[in-house]
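Everything below concerns the one structure shown next.
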Amino acid sequence: VQLQASGGGLVQAGDSLRLSCAASGRTFSSYCMGWFRQAPGKEREFVAAISWSGSRLYYADSVKGRFTISRDDTKSTVYLQMSSLKAEDTAVYYCAAEPPVSGRYSYTLSSKYIYWGQGTLVTVSS
């Protein structure tokens, strides 16, 4: 699976932005898809994840209520709709894919995601 993230940019605090992650590969629909981010000088952190069926959604507490993850398997694309952006949301955002292991997913552990996109930079000015 190859992942291509896009949609980052420079926005002001309070603005909205939608990130997209296009995947190639026939097994996209069986993967849990996640978004992670890494701010300058900080470790990569979990942002959001969506199950293979789209029925389970997971969010970091810091983005809950502001970000929405979704997927369109007909387009092999996962989205991250970000609203009410804050300066602390500034980071490089990565999409990633986690295959099932014995039919189970971690959803939030970056170590379990085996495919990663190249990252897209989101800068929120205050």
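Starting from 1 in every chain, residues are counted up; chains themselves are A, B, ... following the order of the structure tokens, and ligands are numbered from 1 as listed.
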
* To do: Extract, using only C-alpha atoms, all DNA, RNA and protein residues at most 10 Å from A:Lys112, discarding same-chain residues fewer than 2 positions from it, and format them as a ChimeraX atom specification.
  => /A:96-101,105-110,114-115

Excluding same-chain residues fewer than 5 positions from stretch 71-83 of chain A, what lies within 8 Å of it counting only C-alpha atoms, as a PDB file with all heavy atoms, in the first residue's frame?
ATOM      1  N   GLY A  14      -8.590  29.200  14.225  1.00  0.00           N
ATOM      2  CA  GLY A  14     -10.035  29.224  14.046  1.00  0.00           C
ATOM      3  C   GLY A  14     -10.488  28.741  12.683  1.00  0.00           C
ATOM      4  O   GLY A  14     -11.678  28.457  12.495  1.00  0.00           O
ATOM      5  N   ASP A  15      -9.569  28.664  11.740  1.00  0.00           N
ATOM      6  CA  ASP A  15      -9.907  28.220  10.390  1.00  0.00           C
ATOM      7  C   ASP A  15     -10.089  26.708  10.337  1.00  0.00           C
ATOM      8  O   ASP A  15      -9.810  25.982  11.316  1.00  0.00           O
ATOM      9  CB  ASP A  15      -8.806  28.628   9.408  1.00  0.00           C
ATOM     10  CG  ASP A  15      -8.865  30.096   9.059  1.00  0.00           C
ATOM     11  OD1 ASP A  15      -9.836  30.766   9.448  1.00  0.00           O
ATOM     12  OD2 ASP A  15      -7.923  30.578   8.395  1.00  0.00           O
ATOM     13  N   SER A  16     -10.535  26.246   9.182  1.00  0.00           N
ATOM     14  CA  SER A  16     -10.705  24.816   8.929  1.00  0.00           C
ATOM     15  C   SER A  16      -9.814  24.385   7.771  1.00  0.00           C
ATOM     16  O   SER A  16      -9.427  25.207   6.928  1.00  0.00           O
ATOM     17  CB  SER A  16     -12.169  24.510   8.593  1.00  0.00           C
ATOM     18  OG  SER A  16     -13.019  24.813   9.675  1.00  0.00           O
ATOM     19  N   LEU A  17      -9.524  23.106   7.753  1.00  0.00           N
ATOM     20  CA  LEU A  17      -8.682  22.543   6.704  1.00  0.00           C
ATOM     21  C   LEU A  17      -9.026  21.069   6.575  1.00  0.00           C
ATOM     22  O   LEU A  17      -9.326  20.414   7.586  1.00  0.00           O
ATOM     23  CB  LEU A  17      -7.206  22.712   7.076  1.00  0.00           C
ATOM     24  CG  LEU A  17      -6.138  22.640   5.992  1.00  0.00           C
ATOM     25  CD1 LEU A  17      -6.336  23.740   4.958  1.00  0.00           C
ATOM     26  CD2 LEU A  17      -4.749  22.760   6.626  1.00  0.00           C
ATOM     27  N   ARG A  18      -8.989  20.542   5.368  1.00  0.00           N
ATOM     28  CA  ARG A  18      -9.237  19.121   5.175  1.00  0.00           C
ATOM     29  C   ARG A  18      -8.021  18.463   4.541  1.00  0.00           C
ATOM     30  O   ARG A  18      -7.578  18.868   3.464  1.00  0.00           O
ATOM     31  CB  ARG A  18     -10.460  18.863   4.299  1.00  0.00           C
ATOM     32  CG  ARG A  18     -10.845  17.380   4.270  1.00  0.00           C
ATOM     33  CD  ARG A  18     -12.084  17.096   3.472  1.00  0.00           C
ATOM     34  NE  ARG A  18     -11.825  17.063   2.032  1.00  0.00           N
ATOM     35  CZ  ARG A  18     -12.632  16.477   1.150  1.00  0.00           C
ATOM     36  NH1 ARG A  18     -13.737  15.888   1.557  1.00  0.00           N
ATOM     37  NH2 ARG A  18     -12.325  16.505  -0.132  1.00  0.00           N
ATOM     38  N   LEU A  19      -7.520  17.454   5.219  1.00  0.00           N
ATOM     39  CA  LEU A  19      -6.422  16.658   4.693  1.00  0.00           C
ATOM     40  C   LEU A  19      -6.990  15.427   4.000  1.00  0.00           C
ATOM     41  O   LEU A  19      -8.008  14.879   4.418  1.00  0.00           O
ATOM     42  CB  LEU A  19      -5.484  16.223   5.818  1.00  0.00           C
ATOM     43  CG  LEU A  19      -4.900  17.330   6.701  1.00  0.00           C
ATOM     44  CD1 LEU A  19      -3.934  16.726   7.717  1.00  0.00           C
ATOM     45  CD2 LEU A  19      -4.241  18.412   5.885  1.00  0.00           C
ATOM     46  N   SER A  20      -6.291  15.013   2.952  1.00  0.00           N
ATOM     47  CA  SER A  20      -6.674  13.807   2.229  1.00  0.00           C
ATOM     48  C   SER A  20      -5.489  12.869   2.172  1.00  0.00           C
ATOM     49  O   SER A  20      -4.331  13.300   2.180  1.00  0.00           O
ATOM     50  CB  SER A  20      -7.118  14.151   0.800  1.00  0.00           C
ATOM     51  OG  SER A  20      -8.233  15.004   0.796  1.00  0.00           O
ATOM     52  N   CYS A  21      -5.794  11.591   2.096  1.00  0.00           N
ATOM     53  CA  CYS A  21      -4.746  10.582   1.977  1.00  0.00           C
ATOM     54  C   CYS A  21      -5.240   9.549   0.973  1.00  0.00           C
ATOM     55  O   CYS A  21      -6.173   8.793   1.266  1.00  0.00           O
ATOM     56  CB  CYS A  21      -4.457   9.948   3.327  1.00  0.00           C
ATOM     57  SG  CYS A  21      -3.257   8.603   3.264  1.00  0.00           S
ATOM     58  N   ALA A  22      -4.620   9.560  -0.187  1.00  0.00           N
ATOM     59  CA  ALA A  22      -4.992   8.627  -1.240  1.00  0.00           C
ATOM     60  C   ALA A  22      -4.122   7.382  -1.148  1.00  0.00           C
ATOM     61  O   ALA A  22      -2.898   7.486  -1.030  1.00  0.00           O
ATOM     62  CB  ALA A  22      -4.825   9.281  -2.599  1.00  0.00           C
ATOM     63  N   ALA A  23      -4.750   6.239  -1.207  1.00  0.00           N
ATOM     64  CA  ALA A  23      -4.037   4.975  -1.088  1.00  0.00           C
ATOM     65  C   ALA A  23      -4.103   4.185  -2.375  1.00  0.00           C
ATOM     66  O   ALA A  23      -5.092   4.237  -3.105  1.00  0.00           O
ATOM     67  CB  ALA A  23      -4.629   4.151   0.046  1.00  0.00           C
ATOM     68  N   SER A  24      -3.049   3.491  -2.645  1.00  0.00           N
ATOM     69  CA  SER A  24      -3.032   2.555  -3.762  1.00  0.00           C
ATOM     70  C   SER A  24      -2.937   1.154  -3.188  1.00  0.00           C
ATOM     71  O   SER A  24      -2.388   0.953  -2.121  1.00  0.00           O
ATOM     72  CB  SER A  24      -1.845   2.835  -4.679  1.00  0.00           C
ATOM     73  OG  SER A  24      -0.627   2.650  -3.979  1.00  0.00           O
ATOM     74  N   PHE A  28      -6.906  -1.865   0.527  1.00  0.00           N
ATOM     75  CA  PHE A  28      -7.158  -0.667   1.316  1.00  0.00           C
ATOM     76  C   PHE A  28      -8.346  -0.849   2.239  1.00  0.00           C
ATOM     77  O   PHE A  28      -8.317  -0.427   3.396  1.00  0.00           O
ATOM     78  CB  PHE A  28      -7.396   0.527   0.387  1.00  0.00           C
ATOM     79  CG  PHE A  28      -7.863   1.765   1.088  1.00  0.00           C
ATOM     80  CD1 PHE A  28      -6.960   2.580   1.752  1.00  0.00           C
ATOM     81  CD2 PHE A  28      -9.211   2.125   1.097  1.00  0.00           C
ATOM     82  CE1 PHE A  28      -7.385   3.737   2.402  1.00  0.00           C
ATOM     83  CE2 PHE A  28      -9.644   3.275   1.735  1.00  0.00           C
ATOM     84  CZ  PHE A  28      -8.725   4.084   2.393  1.00  0.00           C
ATOM     85  N   SER A  29      -9.400  -1.459   1.749  1.00  0.00           N
ATOM     86  CA  SER A  29     -10.632  -1.559   2.523  1.00  0.00           C
ATOM     87  C   SER A  29     -10.495  -2.419   3.766  1.00  0.00           C
ATOM     88  O   SER A  29     -11.337  -2.353   4.660  1.00  0.00           O
ATOM     89  CB  SER A  29     -11.760  -2.092   1.640  1.00  0.00           C
ATOM     90  OG  SER A  29     -11.429  -3.374   1.154  1.00  0.00           O
ATOM     91  N   MET A  33      -7.194   2.920   9.129  1.00  0.00           N
ATOM     92  CA  MET A  33      -6.454   4.091   8.672  1.00  0.00           C
ATOM     93  C   MET A  33      -6.351   5.101   9.800  1.00  0.00           C
ATOM     94  O   MET A  33      -7.312   5.343  10.528  1.00  0.00           O
ATOM     95  CB  MET A  33      -7.149   4.727   7.463  1.00  0.00           C
ATOM     96  CG  MET A  33      -7.242   3.819   6.254  1.00  0.00           C
ATOM     97  SD  MET A  33      -5.636   3.303   5.634  1.00  0.00           S
ATOM     98  CE  MET A  33      -4.932   4.876   5.142  1.00  0.00           C
ATOM     99  N   TRP A  35      -4.364   8.914  11.342  1.00  0.00           N
ATOM    100  CA  TRP A  35      -3.604  10.143  11.164  1.00  0.00           C
ATOM    101  C   TRP A  35      -2.759  10.360  12.423  1.00  0.00           C
ATOM    102  O   TRP A  35      -3.255  10.221  13.545  1.00  0.00           O
ATOM    103  CB  TRP A  35      -4.518  11.347  10.958  1.00  0.00           C
ATOM    104  CG  TRP A  35      -5.165  11.398   9.617  1.00  0.00           C
ATOM    105  CD1 TRP A  35      -6.416  10.945   9.288  1.00  0.00           C
ATOM    106  CD2 TRP A  35      -4.625  11.943   8.409  1.00  0.00           C
ATOM    107  NE1 TRP A  35      -6.672  11.170   7.958  1.00  0.00           N
ATOM    108  CE2 TRP A  35      -5.590  11.793   7.401  1.00  0.00           C
ATOM    109  CE3 TRP A  35      -3.410  12.574   8.091  1.00  0.00           C
ATOM    110  CZ2 TRP A  35      -5.376  12.228   6.087  1.00  0.00           C
ATOM    111  CZ3 TRP A  35      -3.196  12.997   6.787  1.00  0.00           C
ATOM    112  CH2 TRP A  35      -4.176  12.825   5.800  1.00  0.00           C
ATOM    113  N   ILE A  50      -9.717   5.360  11.994  1.00  0.00           N
ATOM    114  CA  ILE A  50     -11.017   4.867  11.568  1.00  0.00           C
ATOM    115  C   ILE A  50     -10.877   3.403  11.201  1.00  0.00           C
ATOM    116  O   ILE A  50      -9.911   3.005  10.549  1.00  0.00           O
ATOM    117  CB  ILE A  50     -11.563   5.694  10.381  1.00  0.00           C
ATOM    118  CG1 ILE A  50     -12.974   5.257   9.997  1.00  0.00           C
ATOM    119  CG2 ILE A  50     -10.614   5.655   9.186  1.00  0.00           C
ATOM    120  CD1 ILE A  50     -13.668   6.227   9.046  1.00  0.00           C
ATOM    121  N   GLY A  54     -15.365   1.667   8.902  1.00  0.00           N
ATOM    122  CA  GLY A  54     -15.795   3.039   9.127  1.00  0.00           C
ATOM    123  C   GLY A  54     -16.706   3.205  10.328  1.00  0.00           C
ATOM    124  O   GLY A  54     -17.137   4.311  10.637  1.00  0.00           O
ATOM    125  N   ARG A  66     -13.224  18.619  17.384  1.00  0.00           N
ATOM    126  CA  ARG A  66     -12.753  19.580  16.373  1.00  0.00           C
ATOM    127  C   ARG A  66     -12.366  18.898  15.065  1.00  0.00           C
ATOM    128  O   ARG A  66     -12.505  19.484  13.992  1.00  0.00           O
ATOM    129  CB  ARG A  66     -11.548  20.363  16.895  1.00  0.00           C
ATOM    130  CG  ARG A  66     -11.834  21.169  18.149  1.00  0.00           C
ATOM    131  CD  ARG A  66     -10.651  22.071  18.503  1.00  0.00           C
ATOM    132  NE  ARG A  66      -9.438  21.309  18.783  1.00  0.00           N
ATOM    133  CZ  ARG A  66      -8.289  21.458  18.116  1.00  0.00           C
ATOM    134  NH1 ARG A  66      -8.211  22.308  17.105  1.00  0.00           N
ATOM    135  NH2 ARG A  66      -7.217  20.742  18.438  1.00  0.00           N
TER     136      ARG A  66
END

* Which of stretch 14-88 of chain A counts as strand (DSSP E or B) under DSSP, as a PyMOL selection string please? -> chain A and resi 17-24+32-38+45-50+57-59+67-72+77-82

* Nearest to A:Val63: which of A:Gly117, A:Arg44, A:Ser111, A:Leu85 is it, counting only C-alpha atoms? ->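 Of the candidates, the smallest distance to A:Val63 is held by A:Leu85.
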
* Between atom CA of A:Cys32 and atom CA of A:Ala49, measure the distance and give it in Å to one decimal. => 7.0 Å

* Between A:Val124, A:Gln4, A:Tyr31, A:Cys95, which has the minimum distance to A:Phe46 (counting only C-alpha atoms)? ->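 Nearest to A:Phe46: A:Cys95.
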
* Structure fact -> What separates atom CA of A:Ser51 and atom CA of A:Tyr113 is a distance of 12.7 Å

* Mind giving me the straight-line distance from atom CA of A:Gln118 to atom CA of A:Asp89 in Å, one decimal? =>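 Computing it gives 18.0 Å between the two atoms.
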
* **Nearest to A:Gly8, chosen from A:Trp116, A:Arg104, A:Thr90, A:Glu43, with only C-alpha atoms counted in the distances** =>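 For A:Gly8, the nearest of the given residues is A:Thr90.
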